[in-house]
>>> print(open('start_21.txt').read())   # compact mmCIF, C-alpha atoms
# COMPACT_ATOMS: atom_id res chain seq x y z
CA MET X 520 239.20 -7.36 25.84
CA GLU X 521 241.89 -5.70 27.87
CA ALA X 522 242.26 -6.66 31.55
CA ARG X 523 240.83 -3.43 32.81
CA VAL X 524 238.03 -2.17 35.01
CA ASN X 525 237.49 1.59 35.06
CA VAL X 526 234.20 2.00 36.89
CA ILE X 527 232.15 0.16 39.47
CA THR X 528 228.58 1.43 39.39
CA LEU X 529 226.40 0.51 42.34
CA ALA X 530 222.62 0.54 41.95
CA VAL X 531 220.97 2.53 44.73
CA SER X 532 217.47 3.40 45.78
CA ASP X 533 218.30 6.86 47.14
CA LEU X 534 221.08 8.77 45.42
CA GLN X 535 221.49 11.41 48.11
CA ARG X 536 221.70 8.78 50.85
CA ALA X 537 224.32 6.84 48.90
CA LEU X 538 226.34 10.00 48.31
CA GLU X 539 226.27 10.84 51.99
CA PHE X 540 227.23 7.33 53.02
CA TYR X 541 230.28 7.11 50.79
CA ARG X 542 231.36 10.76 50.95
CA ASP X 543 230.51 11.82 54.48
CA GLY X 544 230.48 8.43 56.16
CA LEU X 545 233.43 6.71 54.52
CA GLY X 546 235.32 9.80 53.44
CA LEU X 547 235.54 9.18 49.70
CA LYS X 548 236.03 12.26 47.55
CA SER X 549 233.16 13.26 45.29
CA SER X 550 231.90 16.25 43.37
CA GLY X 551 228.42 15.37 44.58
CA ILE X 552 225.46 14.63 42.38
CA ILE X 553 226.21 15.56 38.79
CA GLY X 554 224.44 15.03 35.50
CA THR X 555 221.13 16.45 36.71
CA GLU X 556 220.80 18.26 33.39
CA PHE X 557 220.06 14.89 31.79
CA VAL X 558 216.43 14.62 32.75
CA GLY X 559 215.63 11.48 30.79
CA ASP X 560 213.13 10.81 28.04
CA GLU X 561 211.28 7.88 26.46
CA VAL X 562 214.54 6.29 25.39
CA PHE X 563 217.06 7.10 28.10
CA PRO X 564 216.89 7.31 31.89
CA PRO X 565 217.85 10.45 33.80
CA GLY X 566 221.60 10.92 34.15
CA ALA X 567 221.99 12.15 37.72
CA VAL X 568 224.82 10.21 39.34
CA ALA X 569 227.49 10.56 41.99
CA MET X 570 231.06 9.43 41.48
CA PHE X 571 233.97 8.83 43.82
CA GLN X 572 237.56 8.90 42.65
CA LEU X 573 239.53 5.91 43.89
CA ASP X 574 243.21 5.13 43.81
CA GLY X 575 244.61 4.12 40.44
CA GLY X 576 242.00 6.03 38.48
CA LEU X 577 239.18 3.67 39.35
CA ILE X 578 235.78 5.32 39.73
CA LEU X 579 233.06 4.20 42.10
CA ALA X 580 229.65 5.45 40.98
CA VAL X 581 226.21 5.29 42.54
CA TRP X 582 223.22 5.45 40.24
CA PRO X 583 219.52 4.82 40.86
CA ARG X 584 218.69 1.17 40.28
CA ALA X 585 215.79 1.91 37.92
CA ASN X 586 218.05 4.07 35.76
CA LEU X 587 220.74 1.42 35.53
CA ALA X 588 218.12 -1.13 34.54
CA ARG X 589 216.72 1.17 31.85
CA ASP X 590 220.15 2.11 30.53
CA ALA X 591 221.11 -1.56 30.26
CA ASN X 592 217.74 -2.44 28.75
CA LEU X 593 216.86 -4.84 31.53
CA PRO X 594 213.68 -5.31 33.54
CA LEU X 595 213.96 -4.06 37.08
CA SER X 596 214.34 -6.93 39.52
CA ALA X 597 214.16 -7.20 43.27
CA PRO X 598 217.44 -6.35 44.98
CA SER X 599 219.82 -9.13 45.93
CA ALA X 600 222.71 -8.76 48.34
CA CYS X 601 224.53 -11.87 47.13
CA GLU X 602 225.60 -10.79 43.65
CA PHE X 603 229.07 -9.48 44.38
CA SER X 604 231.38 -8.08 46.99
CA ILE X 605 233.98 -5.37 46.84
CA GLY X 606 237.25 -6.25 48.53
CA HIS X 607 239.15 -3.55 50.38
CA VAL X 608 242.57 -4.57 51.65
CA VAL X 609 244.05 -2.96 54.75
CA GLY X 610 247.28 -3.37 56.64
CA SER X 611 246.26 -5.00 59.91
CA ARG X 612 243.48 -6.78 61.78
CA GLU X 613 242.93 -3.64 63.83
CA GLU X 614 242.38 -1.67 60.64
CA VAL X 615 239.79 -4.20 59.47
CA ASP X 616 237.89 -3.68 62.68
CA ALA X 617 238.27 0.10 62.48
CA VAL X 618 236.89 0.30 58.93
CA LEU X 619 233.96 -1.93 59.86
CA ALA X 620 233.26 0.33 62.82
CA GLN X 621 233.50 3.42 60.63
CA ALA X 622 231.06 1.89 58.15
CA ALA X 623 228.65 0.94 60.92
CA ALA X 624 228.79 4.47 62.30
CA ALA X 625 227.99 5.74 58.81
CA GLY X 626 224.88 3.59 58.58
CA ALA X 627 226.19 0.31 57.18
CA THR X 628 225.21 -3.09 58.51
CA VAL X 629 228.10 -5.26 59.60
CA THR X 630 226.92 -8.74 58.58
CA ASP X 631 230.04 -10.55 59.74
CA ALA X 632 232.55 -9.08 62.14
CA GLY X 633 236.26 -9.40 61.52
CA ARG X 634 237.56 -12.94 62.00
CA GLU X 635 240.18 -15.33 60.70
CA ARG X 636 239.10 -17.25 57.58
CA PRO X 637 240.41 -20.68 56.61
CA TRP X 638 242.31 -19.29 53.59
CA GLY X 639 244.57 -17.22 55.75
CA ILE X 640 242.98 -13.80 55.83
CA TYR X 641 241.31 -11.82 58.59
CA SER X 642 238.19 -10.12 57.27
CA GLY X 643 234.68 -8.93 57.92
CA TYR X 644 231.80 -7.73 55.79
CA PHE X 645 229.47 -4.78 55.76
CA GLN X 646 226.52 -3.88 53.59
CA ASP X 647 226.10 -0.33 52.40
CA PRO X 648 222.63 1.27 52.79
CA ASP X 649 221.54 -0.47 49.57
CA GLY X 650 222.76 -3.88 50.69
CA HIS X 651 225.95 -3.99 48.62
CA LEU X 652 228.66 -6.05 50.25
CA TRP X 653 232.13 -4.85 51.09
CA GLU X 654 234.72 -7.21 52.52
CA ILE X 655 237.42 -5.46 54.53
CA LEU X 656 240.40 -7.75 54.74
CA PHE X 657 243.92 -8.13 55.97
CA ASN X 658 246.20 -10.69 54.38
CA PRO X 659 249.24 -11.42 56.53
CA GLN X 660 250.81 -13.48 53.77
CA PRO X 661 253.15 -11.71 51.41
CA ASP X 662 252.00 -13.86 48.49
CA TRP X 663 248.96 -12.18 47.07
CA SER X 664 248.18 -15.05 44.79
CA VAL X 665 246.75 -17.07 47.66
CA PRO X 666 243.02 -17.73 47.52
CA HIS X 667 240.80 -14.81 48.50
CA LEU X 668 243.97 -12.72 48.71
CA MET B 410 238.66 4.29 54.87
CA GLU B 411 241.16 4.73 52.09
CA ALA B 412 239.84 5.30 48.56
CA ARG B 413 240.79 1.87 47.35
CA VAL B 414 239.20 -1.19 45.80
CA ASN B 415 241.40 -4.26 45.51
CA VAL B 416 238.99 -6.99 44.52
CA ILE B 417 235.69 -7.35 42.72
CA THR B 418 234.15 -10.71 43.55
CA LEU B 419 231.30 -11.85 41.33
CA ALA B 420 228.85 -14.44 42.63
CA VAL B 421 228.42 -17.27 40.15
CA SER B 422 226.36 -20.42 39.92
CA ASP B 423 228.98 -22.45 38.03
CA LEU B 424 232.62 -21.74 38.83
CA GLN B 425 234.05 -23.63 35.86
CA ARG B 426 231.73 -21.87 33.43
CA ALA B 427 232.64 -18.48 34.87
CA LEU B 428 236.34 -19.30 34.62
CA GLU B 429 235.97 -20.32 31.02
CA PHE B 430 233.95 -17.25 30.14
CA TYR B 431 236.44 -14.77 31.56
CA ARG B 432 239.64 -16.66 30.76
CA ASP B 433 238.91 -18.34 27.46
CA GLY B 434 236.15 -16.10 26.19
CA LEU B 435 237.38 -12.66 27.23
CA GLY B 436 241.07 -13.47 27.49
CA LEU B 437 241.70 -12.51 31.11
CA LYS B 438 244.68 -14.18 32.74
CA SER B 439 243.98 -16.64 35.54
CA SER B 440 245.65 -19.48 37.40
CA GLY B 441 242.37 -21.34 37.17
CA ILE B 442 240.39 -22.64 40.10
CA ILE B 443 242.42 -22.41 43.28
CA GLY B 444 241.65 -22.93 46.94
CA THR B 445 240.07 -26.35 46.44
CA GLU B 446 241.93 -27.53 49.55
CA PHE B 447 239.49 -25.47 51.62
CA VAL B 448 236.58 -27.88 51.60
CA GLY B 449 234.35 -25.99 54.00
CA ASP B 450 232.85 -26.94 57.35
CA GLU B 451 229.97 -25.95 59.60
CA VAL B 452 231.35 -22.46 60.00
CA PHE B 453 232.96 -21.56 56.69
CA PRO B 454 232.07 -22.22 53.05
CA PRO B 455 234.41 -24.01 50.65
CA GLY B 456 237.20 -21.80 49.34
CA ALA B 457 237.44 -22.77 45.68
CA VAL B 458 237.65 -19.59 43.63
CA ALA B 459 239.07 -18.27 40.37
CA MET B 460 240.85 -14.96 40.11
CA PHE B 461 241.86 -12.76 37.21
CA GLN B 462 244.63 -10.22 37.44
CA LEU B 463 243.60 -6.85 36.05
CA ASP B 464 245.61 -3.73 35.32
CA GLY B 465 246.69 -1.72 38.32
CA GLY B 466 246.71 -4.69 40.66
CA LEU B 467 242.93 -5.02 40.75
CA ILE B 468 241.65 -8.58 41.06
CA LEU B 469 238.45 -9.89 39.54
CA ALA B 470 237.27 -13.02 41.34
CA VAL B 471 234.43 -15.44 40.69
CA TRP B 472 233.06 -17.37 43.63
CA PRO B 473 229.96 -19.52 44.02
CA ARG B 474 227.01 -17.41 45.15
CA ALA B 475 226.11 -19.69 48.05
CA ASN B 476 229.67 -19.49 49.36
CA LEU B 477 229.76 -15.71 49.19
CA ALA B 478 226.44 -15.58 51.04
CA ARG B 479 227.74 -17.93 53.74
CA ASP B 480 231.05 -16.11 54.08
CA ALA B 481 229.24 -12.79 54.48
CA ASN B 482 226.71 -14.33 56.85
CA LEU B 483 223.76 -13.49 54.62
CA PRO B 484 220.78 -15.55 53.51
CA LEU B 485 220.96 -16.61 49.90
CA SER B 486 218.66 -14.52 47.74
CA ALA B 487 217.42 -14.83 44.19
CA PRO B 488 219.83 -13.36 41.65
CA SER B 489 219.30 -9.81 40.44
CA ALA B 490 220.94 -8.33 37.36
CA CYS B 491 220.35 -4.73 38.40
CA GLU B 492 222.67 -4.43 41.39
CA PHE B 493 225.74 -3.03 39.71
CA SER B 494 227.65 -2.72 36.49
CA ILE B 495 231.33 -2.84 35.72
CA GLY B 496 232.53 -0.15 33.35
CA HIS B 497 235.25 -0.96 30.84
CA VAL B 498 236.56 2.00 28.88
CA VAL B 499 237.91 1.54 25.35
CA GLY B 500 239.37 3.89 22.78
CA SER B 501 236.74 4.02 20.05
CA ARG B 502 233.15 3.20 19.12
CA GLU B 503 234.43 0.36 16.96
CA GLU B 504 236.20 -1.11 19.96
CA VAL B 505 233.00 -0.96 21.99
CA ASP B 506 231.25 -2.98 19.31
CA ALA B 507 234.17 -5.39 19.04
CA VAL B 508 234.25 -6.14 22.77
CA LEU B 509 230.48 -6.64 22.84
CA ALA B 510 230.84 -9.05 19.91
CA GLN B 511 233.66 -10.88 21.67
CA ALA B 512 231.55 -11.22 24.81
CA ALA B 513 228.58 -12.48 22.83
CA ALA B 514 230.77 -15.05 21.09
CA ALA B 515 231.96 -16.16 24.54
CA GLY B 516 228.42 -16.74 25.75
CA ALA B 517 227.39 -13.34 27.10
CA THR B 518 224.05 -11.71 26.40
CA VAL B 519 224.25 -8.26 24.86
CA THR B 520 221.32 -6.48 26.47
CA ASP B 521 221.90 -3.14 24.77
CA ALA B 522 224.05 -2.71 21.69
CA GLY B 523 226.51 0.13 21.41
CA ARG B 524 224.84 3.51 20.98
CA GLU B 525 225.30 7.16 21.82
CA ARG B 526 224.00 8.12 25.28
CA PRO B 527 222.77 11.60 26.25
CA TRP B 528 225.77 12.21 28.54
CA GLY B 529 228.21 12.05 25.70
CA ILE B 530 229.47 8.49 25.67
CA TYR B 531 229.01 5.64 23.23
CA SER B 532 228.36 2.41 25.10
CA GLY B 533 226.64 -0.94 25.21
CA TYR B 534 226.01 -3.56 27.86
CA PHE B 535 226.47 -7.27 28.16
CA GLN B 536 225.59 -9.75 30.89
CA ASP B 537 228.06 -12.47 31.78
CA PRO B 538 226.71 -16.04 32.11
CA ASP B 539 225.55 -15.20 35.66
CA GLY B 540 223.76 -12.04 34.64
CA HIS B 541 226.37 -9.56 35.84
CA LEU B 542 226.41 -6.37 33.81
CA TRP B 543 229.39 -4.92 32.03
CA GLU B 544 229.16 -1.59 30.25
CA ILE B 545 231.71 -1.19 27.47
CA LEU B 546 232.12 2.48 26.76
CA PHE B 547 233.97 5.06 24.73
CA ASN B 548 234.14 8.63 25.96
CA PRO B 549 235.20 11.02 23.21
CA GLN B 550 235.50 13.87 25.70
CA PRO B 551 238.90 14.47 27.21
CA ASP B 552 237.34 15.50 30.52
CA TRP B 553 236.80 12.29 32.45
CA SER B 554 234.85 14.01 35.16
CA VAL B 555 231.75 14.22 32.97
CA PRO B 556 228.80 12.13 34.09
CA HIS B 557 229.07 8.41 33.39
CA LEU B 558 232.61 9.07 32.20
>>> encode(input="start_21.txt", output="structure tokens")
Amino acid sequence: MEARVNVITLAVSDLQRALEFYRDGLGLKSSGIIGTEFVGDEVFPPGAVAMFQLDGGLILAVWPRANLARDANLPLSAPSACEFSIGHVVGSREEVDAVLAQAAAAGATVTDAGRERPWGIYSGYFQDPDGHLWEILFNPQPDWSVPHL
Amino acid sequence: MEARVNVITLAVSDLQRALEFYRDGLGLKSSGIIGTEFVGDEVFPPGAVAMFQLDGGLILAVWPRANLARDANLPLSAPSACEFSIGHVVGSREEVDAVLAQAAAAGATVTDAGRERPWGIYSGYFQDPDGHLWEILFNPQPDWSVPHL
């Protein structure tokens, strides 16, 4: 396998809410909800999805949880907020705090405000409306190979 | 917020197993487990982590679930496999099948073998040893803005 990730698909309970959070609240570019022509059948889930174009060609997608489970052939399970986090690096401590504030204003829950961590970064976390964790972080060290950036 | 993701951190139950799966099984480059000098205290979790350098500067990290929960100031919850998926795009249907086979040989569970999906892609899913979903996909359409790639 090549060392490549092209898409991060987040399972959501309300597609429109997720679109509005990431597009209107955080300012990510999106064409809105697409794929509504794929209505689903006995074999496949509906295809309606929203995508956000990120730097470097990476795509962030939001897709209803039940549809992801069906597409992957998995039973639906209760949500868990401790499965993963998405790390977003910024240029200063002030910018960490500003992004956390922006997320909170958009409806996110800041679970841990910006603070210094033992491994040399300043970071804080928010959960999107579906509980998915983002860590906003500033690493003052030029060596990006240090733990946790 | 800028349209940028720098890190994807996966919560794992066994750091060594996760390292071996991604490094030895899937062939991703890693310096192994680092940050062991951060032993944790009453405030912060231990810092031991493994990271994998992906194309475009993206980092895939594996970190014990309990430590992620503590760092984010969240209660630990039962794992859920339906929170997200990571999409990995390859150049052909045969390559989809080959990556799924490689993952299975490395200890992954293929939950859905490669097949055509209504939105025009050929894809299959595997779960890593901690249940995290990867979708390996081929999109024969040149227009990458189509749903689900």
>>> atom_distance(input="start_21.txt", atom1="atom CA of Pro659 of chain X", atom2="atom CA of Gly610 of chain X")
8.3 Å
>>> calpha_fit_and_write(input="start_21.txt", fixed="chain B", moving="chain X", output="PDB file with C-alpha atoms, in the coordinates of the input")
ATOM      1  CA  MET X 520     238.673   4.283  54.875  1.00  0.00           C
ATOM      2  CA  GLU X 521     241.153   4.739  52.091  1.00  0.00           C
ATOM      3  CA  ALA X 522     239.840   5.313  48.548  1.00  0.00           C
ATOM      4  CA  ARG X 523     240.780   1.882  47.360  1.00  0.00           C
ATOM      5  CA  VAL X 524     239.197  -1.173  45.801  1.00  0.00           C
ATOM      6  CA  ASN X 525     241.406  -4.250  45.508  1.00  0.00           C
ATOM      7  CA  VAL X 526     238.995  -6.994  44.511  1.00  0.00           C
ATOM      8  CA  ILE X 527     235.696  -7.345  42.711  1.00  0.00           C
ATOM      9  CA  THR X 528     234.155 -10.707  43.538  1.00  0.00           C
ATOM     10  CA  LEU X 529     231.310 -11.845  41.322  1.00  0.00           C
ATOM     11  CA  ALA X 530     228.848 -14.431  42.624  1.00  0.00           C
ATOM     12  CA  VAL X 531     228.410 -17.276  40.149  1.00  0.00           C
ATOM     13  CA  SER X 532     226.364 -20.417  39.909  1.00  0.00           C
ATOM     14  CA  ASP X 533     228.979 -22.467  38.047  1.00  0.00           C
ATOM     15  CA  LEU X 534     232.613 -21.750  38.830  1.00  0.00           C
ATOM     16  CA  GLN X 535     234.051 -23.634  35.871  1.00  0.00           C
ATOM     17  CA  ARG X 536     231.710 -21.877  33.442  1.00  0.00           C
ATOM     18  CA  ALA X 537     232.640 -18.484  34.873  1.00  0.00           C
ATOM     19  CA  LEU X 538     236.339 -19.302  34.628  1.00  0.00           C
ATOM     20  CA  GLU X 539     235.966 -20.324  31.013  1.00  0.00           C
ATOM     21  CA  PHE X 540     233.951 -17.246  30.136  1.00  0.00           C
ATOM     22  CA  TYR X 541     236.427 -14.763  31.559  1.00  0.00           C
ATOM     23  CA  ARG X 542     239.639 -16.656  30.773  1.00  0.00           C
ATOM     24  CA  ASP X 543     238.922 -18.358  27.472  1.00  0.00           C
ATOM     25  CA  GLY X 544     236.154 -16.114  26.200  1.00  0.00           C
ATOM     26  CA  LEU X 545     237.384 -12.682  27.229  1.00  0.00           C
ATOM     27  CA  GLY X 546     241.067 -13.491  27.496  1.00  0.00           C
ATOM     28  CA  LEU X 547     241.709 -12.517  31.110  1.00  0.00           C
ATOM     29  CA  LYS X 548     244.692 -14.175  32.753  1.00  0.00           C
ATOM     30  CA  SER X 549     243.978 -16.642  35.537  1.00  0.00           C
ATOM     31  CA  SER X 550     245.650 -19.463  37.397  1.00  0.00           C
ATOM     32  CA  GLY X 551     242.372 -21.350  37.174  1.00  0.00           C
ATOM     33  CA  ILE X 552     240.384 -22.635  40.097  1.00  0.00           C
ATOM     34  CA  ILE X 553     242.418 -22.425  43.280  1.00  0.00           C
ATOM     35  CA  GLY X 554     241.653 -22.932  46.940  1.00  0.00           C
ATOM     36  CA  THR X 555     240.076 -26.353  46.444  1.00  0.00           C
ATOM     37  CA  GLU X 556     241.913 -27.545  49.545  1.00  0.00           C
ATOM     38  CA  PHE X 557     239.480 -25.474  51.608  1.00  0.00           C
ATOM     39  CA  VAL X 558     236.582 -27.877  51.601  1.00  0.00           C
ATOM     40  CA  GLY X 559     234.355 -25.976  54.003  1.00  0.00           C
ATOM     41  CA  ASP X 560     232.864 -26.939  57.335  1.00  0.00           C
ATOM     42  CA  GLU X 561     229.972 -25.951  59.608  1.00  0.00           C
ATOM     43  CA  VAL X 562     231.363 -22.456  59.998  1.00  0.00           C
ATOM     44  CA  PHE X 563     232.974 -21.575  56.685  1.00  0.00           C
ATOM     45  CA  PRO X 564     232.072 -22.225  53.051  1.00  0.00           C
ATOM     46  CA  PRO X 565     234.421 -24.011  50.658  1.00  0.00           C
ATOM     47  CA  GLY X 566     237.217 -21.801  49.352  1.00  0.00           C
ATOM     48  CA  ALA X 567     237.453 -22.775  45.691  1.00  0.00           C
ATOM     49  CA  VAL X 568     237.650 -19.596  43.629  1.00  0.00           C
ATOM     50  CA  ALA X 569     239.061 -18.275  40.383  1.00  0.00           C
ATOM     51  CA  MET X 570     240.843 -14.954  40.111  1.00  0.00           C
ATOM     52  CA  PHE X 571     241.841 -12.755  37.200  1.00  0.00           C
ATOM     53  CA  GLN X 572     244.625 -10.215  37.439  1.00  0.00           C
ATOM     54  CA  LEU X 573     243.605  -6.836  36.059  1.00  0.00           C
ATOM     55  CA  ASP X 574     245.598  -3.734  35.311  1.00  0.00           C
ATOM     56  CA  GLY X 575     246.685  -1.705  38.317  1.00  0.00           C
ATOM     57  CA  GLY X 576     246.701  -4.676  40.656  1.00  0.00           C
ATOM     58  CA  LEU X 577     242.938  -5.011  40.747  1.00  0.00           C
ATOM     59  CA  ILE X 578     241.662  -8.576  41.051  1.00  0.00           C
ATOM     60  CA  LEU X 579     238.453  -9.884  39.547  1.00  0.00           C
ATOM     61  CA  ALA X 580     237.263 -13.017  41.339  1.00  0.00           C
ATOM     62  CA  VAL X 581     234.423 -15.428  40.696  1.00  0.00           C
ATOM     63  CA  TRP X 582     233.059 -17.371  43.632  1.00  0.00           C
ATOM     64  CA  PRO X 583     229.949 -19.529  44.007  1.00  0.00           C
ATOM     65  CA  ARG X 584     227.011 -17.422  45.136  1.00  0.00           C
ATOM     66  CA  ALA X 585     226.122 -19.712  48.050  1.00  0.00           C
ATOM     67  CA  ASN X 586     229.682 -19.489  49.360  1.00  0.00           C
ATOM     68  CA  LEU X 587     229.748 -15.711  49.187  1.00  0.00           C
ATOM     69  CA  ALA X 588     226.448 -15.584  51.041  1.00  0.00           C
ATOM     70  CA  ARG X 589     227.737 -17.929  53.748  1.00  0.00           C
ATOM     71  CA  ASP X 590     231.049 -16.109  54.083  1.00  0.00           C
ATOM     72  CA  ALA X 591     229.242 -12.785  54.476  1.00  0.00           C
ATOM     73  CA  ASN X 592     226.708 -14.322  56.849  1.00  0.00           C
ATOM     74  CA  LEU X 593     223.772 -13.485  54.626  1.00  0.00           C
ATOM     75  CA  PRO X 594     220.785 -15.540  53.516  1.00  0.00           C
ATOM     76  CA  LEU X 595     220.968 -16.602  49.909  1.00  0.00           C
ATOM     77  CA  SER X 596     218.651 -14.525  47.751  1.00  0.00           C
ATOM     78  CA  ALA X 597     217.422 -14.833  44.207  1.00  0.00           C
ATOM     79  CA  PRO X 598     219.825 -13.356  41.667  1.00  0.00           C
ATOM     80  CA  SER X 599     219.300  -9.817  40.446  1.00  0.00           C
ATOM     81  CA  ALA X 600     220.935  -8.335  37.375  1.00  0.00           C
ATOM     82  CA  CYS X 601     220.331  -4.727  38.406  1.00  0.00           C
ATOM     83  CA  GLU X 602     222.660  -4.415  41.390  1.00  0.00           C
ATOM     84  CA  PHE X 603     225.750  -3.039  39.702  1.00  0.00           C
ATOM     85  CA  SER X 604     227.649  -2.716  36.478  1.00  0.00           C
ATOM     86  CA  ILE X 605     231.326  -2.856  35.711  1.00  0.00           C
ATOM     87  CA  GLY X 606     232.535  -0.143  33.367  1.00  0.00           C
ATOM     88  CA  HIS X 607     235.236  -0.959  30.845  1.00  0.00           C
ATOM     89  CA  VAL X 608     236.555   2.001  28.883  1.00  0.00           C
ATOM     90  CA  VAL X 609     237.912   1.552  25.369  1.00  0.00           C
ATOM     91  CA  GLY X 610     239.369   3.880  22.794  1.00  0.00           C
ATOM     92  CA  SER X 611     236.747   4.019  20.056  1.00  0.00           C
ATOM     93  CA  ARG X 612     233.166   3.194  19.115  1.00  0.00           C
ATOM     94  CA  GLU X 613     234.450   0.354  16.958  1.00  0.00           C
ATOM     95  CA  GLU X 614     236.215  -1.118  19.971  1.00  0.00           C
ATOM     96  CA  VAL X 615     232.993  -0.967  21.989  1.00  0.00           C
ATOM     97  CA  ASP X 616     231.267  -2.973  19.309  1.00  0.00           C
ATOM     98  CA  ALA X 617     234.179  -5.405  19.029  1.00  0.00           C
ATOM     99  CA  VAL X 618     234.247  -6.141  22.771  1.00  0.00           C
ATOM    100  CA  LEU X 619     230.484  -6.652  22.818  1.00  0.00           C
ATOM    101  CA  ALA X 620     230.836  -9.055  19.909  1.00  0.00           C
ATOM    102  CA  GLN X 621     233.666 -10.887  21.651  1.00  0.00           C
ATOM    103  CA  ALA X 622     231.557 -11.219  24.796  1.00  0.00           C
ATOM    104  CA  ALA X 623     228.578 -12.476  22.813  1.00  0.00           C
ATOM    105  CA  ALA X 624     230.766 -15.053  21.093  1.00  0.00           C
ATOM    106  CA  ALA X 625     231.952 -16.165  24.527  1.00  0.00           C
ATOM    107  CA  GLY X 626     228.406 -16.740  25.729  1.00  0.00           C
ATOM    108  CA  ALA X 627     227.385 -13.341  27.086  1.00  0.00           C
ATOM    109  CA  THR X 628     224.048 -11.709  26.386  1.00  0.00           C
ATOM    110  CA  VAL X 629     224.257  -8.270  24.843  1.00  0.00           C
ATOM    111  CA  THR X 630     221.306  -6.481  26.466  1.00  0.00           C
ATOM    112  CA  ASP X 631     221.902  -3.150  24.762  1.00  0.00           C
ATOM    113  CA  ALA X 632     224.038  -2.719  21.684  1.00  0.00           C
ATOM    114  CA  GLY X 633     226.500   0.129  21.403  1.00  0.00           C
ATOM    115  CA  ARG X 634     224.831   3.517  20.976  1.00  0.00           C
ATOM    116  CA  GLU X 635     225.291   7.169  21.825  1.00  0.00           C
ATOM    117  CA  ARG X 636     223.998   8.118  25.292  1.00  0.00           C
ATOM    118  CA  PRO X 637     222.768  11.581  26.249  1.00  0.00           C
ATOM    119  CA  TRP X 638     225.763  12.195  28.555  1.00  0.00           C
ATOM    120  CA  GLY X 639     228.200  12.048  25.709  1.00  0.00           C
ATOM    121  CA  ILE X 640     229.451   8.489  25.679  1.00  0.00           C
ATOM    122  CA  TYR X 641     228.998   5.639  23.230  1.00  0.00           C
ATOM    123  CA  SER X 642     228.365   2.403  25.098  1.00  0.00           C
ATOM    124  CA  GLY X 643     226.630  -0.934  25.214  1.00  0.00           C
ATOM    125  CA  TYR X 644     226.015  -3.565  27.855  1.00  0.00           C
ATOM    126  CA  PHE X 645     226.465  -7.285  28.160  1.00  0.00           C
ATOM    127  CA  GLN X 646     225.605  -9.744  30.887  1.00  0.00           C
ATOM    128  CA  ASP X 647     228.056 -12.462  31.781  1.00  0.00           C
ATOM    129  CA  PRO X 648     226.695 -16.040  32.097  1.00  0.00           C
ATOM    130  CA  ASP X 649     225.544 -15.217  35.644  1.00  0.00           C
ATOM    131  CA  GLY X 650     223.753 -12.041  34.607  1.00  0.00           C
ATOM    132  CA  HIS X 651     226.361  -9.557  35.830  1.00  0.00           C
ATOM    133  CA  LEU X 652     226.391  -6.376  33.799  1.00  0.00           C
ATOM    134  CA  TRP X 653     229.378  -4.932  32.016  1.00  0.00           C
ATOM    135  CA  GLU X 654     229.168  -1.598  30.238  1.00  0.00           C
ATOM    136  CA  ILE X 655     231.722  -1.197  27.461  1.00  0.00           C
ATOM    137  CA  LEU X 656     232.126   2.478  26.756  1.00  0.00           C
ATOM    138  CA  PHE X 657     233.963   5.051  24.744  1.00  0.00           C
ATOM    139  CA  ASN X 658     234.146   8.620  25.974  1.00  0.00           C
ATOM    140  CA  PRO X 659     235.189  11.021  23.227  1.00  0.00           C
ATOM    141  CA  GLN X 660     235.519  13.859  25.709  1.00  0.00           C
ATOM    142  CA  PRO X 661     238.913  14.438  27.232  1.00  0.00           C
ATOM    143  CA  ASP X 662     237.365  15.484  30.546  1.00  0.00           C
ATOM    144  CA  TRP X 663     236.797  12.327  32.493  1.00  0.00           C
ATOM    145  CA  SER X 664     234.848  14.080  35.171  1.00  0.00           C
ATOM    146  CA  VAL X 665     231.777  14.256  32.958  1.00  0.00           C
ATOM    147  CA  PRO X 666     228.812  12.176  34.076  1.00  0.00           C
ATOM    148  CA  HIS X 667     229.068   8.451  33.383  1.00  0.00           C
ATOM    149  CA  LEU X 668     232.619   9.113  32.192  1.00  0.00           C
TER     150      LEU X 668
END
>>> residues_around(input="start_21.txt", residues="His607 of chain X", least_positions_apart="6", cutoff="12 Å", atoms="all atoms listed in the file", output="PyMOL selection string")
(chain X and resi 573-574+614-615+618-619+641-645+652-658+667-668) or (chain B and resi 410-418+467-468)
>>> atom_distance(input="start_21.txt", atom1="atom CA of Ala567 of chain X", atom2="atom CA of Ala537 of chain X")
12.6 Å
>>> residues_around(input="start_21.txt", residues="segment 541-554 of chain X", least_positions_apart="4", cutoff="7 Å", atoms="only C-alpha atoms", output="PDB file with C-alpha atoms, in the coordinates of the input")
ATOM      1  CA  ALA X 537     224.320   6.840  48.900  1.00  0.00           C
ATOM      2  CA  GLY X 566     221.600  10.920  34.150  1.00  0.00           C
ATOM      3  CA  ALA X 567     221.990  12.150  37.720  1.00  0.00           C
ATOM      4  CA  VAL X 568     224.820  10.210  39.340  1.00  0.00           C
ATOM      5  CA  ALA X 569     227.490  10.560  41.990  1.00  0.00           C
ATOM      6  CA  MET X 570     231.060   9.430  41.480  1.00  0.00           C
ATOM      7  CA  PHE X 571     233.970   8.830  43.820  1.00  0.00           C
ATOM      8  CA  GLN X 572     237.560   8.900  42.650  1.00  0.00           C
ATOM      9  CA  GLN X 621     233.500   3.420  60.630  1.00  0.00           C
ATOM     10  CA  ALA X 622     231.060   1.890  58.150  1.00  0.00           C
ATOM     11  CA  ALA X 625     227.990   5.740  58.810  1.00  0.00           C
TER      12      ALA X 625
ATOM     13  CA  MET B 410     238.660   4.290  54.870  1.00  0.00           C
ATOM     14  CA  ALA B 412     239.840   5.300  48.560  1.00  0.00           C
ATOM     15  CA  PRO B 556     228.800  12.130  34.090  1.00  0.00           C
TER      16      PRO B 556
END
>>> axis_aligned_box(input="start_21.txt", around="segment 462-479 of chain B", padding_each_side="6 Å", output="lines of an AutoDock Vina configuration file")
center_x = 236.4
center_y = -10.7
center_z = 44.5
size_x = 32.6
size_y = 30.0
size_z = 30.4
